[in-house]
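Contents: one structure, followed by commentary.
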Amino acid sequence: MRFLTTLPDQMHFHCDAQPFADKWVFYENINPAFRIVSPSPDPWDNEWVAIATCQKFKINGISVFARMDLTLYDPNALYYPPGNVPHLPLIRETYFGQYGFNHSPCIPLFFAPSTSNQLDHQNAWISYYLKLPISDVTVSDSVVVEYRLQPEKCVNNCWSLG
């Protein structure tokens with residue numbers, strides 16, 4: 001998925017000290033399975049073409065999601081026909097409790113429990129989603145996404161409202 005966006009606040013991320021192949025990798029503080037891969041050491045106040053990709057690995061023949069990379073590209077360095085890359089705000093939210101959900105018109109990208117040992121992040125969930133323009137959403141497009149933390153696994157349940 002390719003979209004034009006700006007990033008959430010820098011305070012939610014930390015960076016490796018050295019760039020990897022001329023790219024800087026920024027890890028989410030609450031759950032480092034969400035990463036931003038940037039061509040710039042300071043990507044925070046710019047607009048970027050972003051591509052979200054999931055990386056998987058196999059355990060006993062079963063594919064398991066390992067992390068999500070949001071790779072950034074300079075919109076002036078890439079050519080896309082006009083209107084081919086939608087502008088979608090990237091929203092970051094933190095939830096506290098045993099489960100979290102989102103029922104706003106959105107495209108969920110990443111939703112996971114905290115892996116931080118800090119007291120203020122216990123029972124926290126981190127959510128990244130793309131906010132859809134209201135004009136592009138109908139009632140039949142609305143989806144409730146609910147995530148529950150169960151012993152040793154995270155479950156994703158989706159229900160259509162239309």
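Identifiers in this document derive from the order of the structure tokens: chains are assigned A, B, ..., residues are numbered from 1 separately in each chain, and ligands are numbered from 1 in order of occurrence.
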
Report as a Markdown table: every residue of range 46-113 of chain A with an atom at most 10 Å from range 22-32 of chain A, its closest pair of atoms, and their distance in Å to one decimal, counting only C-alpha atoms, with rows sorted by chain and ascending residue number.
```
| residue | atom | partner | partner_atom | distance |
| --- | --- | --- | --- | --- |
| A:Arg67 | CA | A:Pro32 | CA | 8.0 |
| A:Met68 | CA | A:Pro32 | CA | 9.3 |
| A:Asp69 | CA | A:Val25 | CA | 9.3 |
| A:Leu70 | CA | A:Val25 | CA | 9.7 |
| A:Thr71 | CA | A:Val25 | CA | 9.2 |
| A:Leu72 | CA | A:Lys23 | CA | 9.6 |
| A:Thr94 | CA | A:Ile30 | CA | 9.1 |
| A:Phe111 | CA | A:Asn31 | CA | 9.6 |
| A:Ala112 | CA | A:Asn31 | CA | 7.3 |
| A:Pro113 | CA | A:Asn31 | CA | 7.1 |
```

Let me make sure I understand: among A:Gly97, A:Met11, A:Leu88, A:Ala66, which one has the smallest atom-to-atom distance to Gln122 in chain A if we use only C-alpha atoms?
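Closest candidate: A:Gly97.
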
Which residues are near range 47-55 of chain A? Cut-off 12 Å, only C-alpha atoms, ignore same chain within fewer than 6 positions. Put them as a PyMOL selection string.
chain A and resi 1-8+33-40+63-80+84-90+107-110+128-130

Can you list, as JSON, numbers by chain, every residue of range 26-63 of chain A that DSSP puts in strand (DSSP E or B)?
{"A": [26, 27, 28, 34, 35, 36, 37, 38, 48, 49, 50, 51, 52, 53, 54, 55, 56, 57, 58, 59, 62, 63]}

What is the CA of Trp125 in chain A-CA of Phe96 in chain A distance in Å, reported with one decimal?
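Between CA of Trp125 in chain A and CA of Phe96 in chain A the gap is 6.1 Å.
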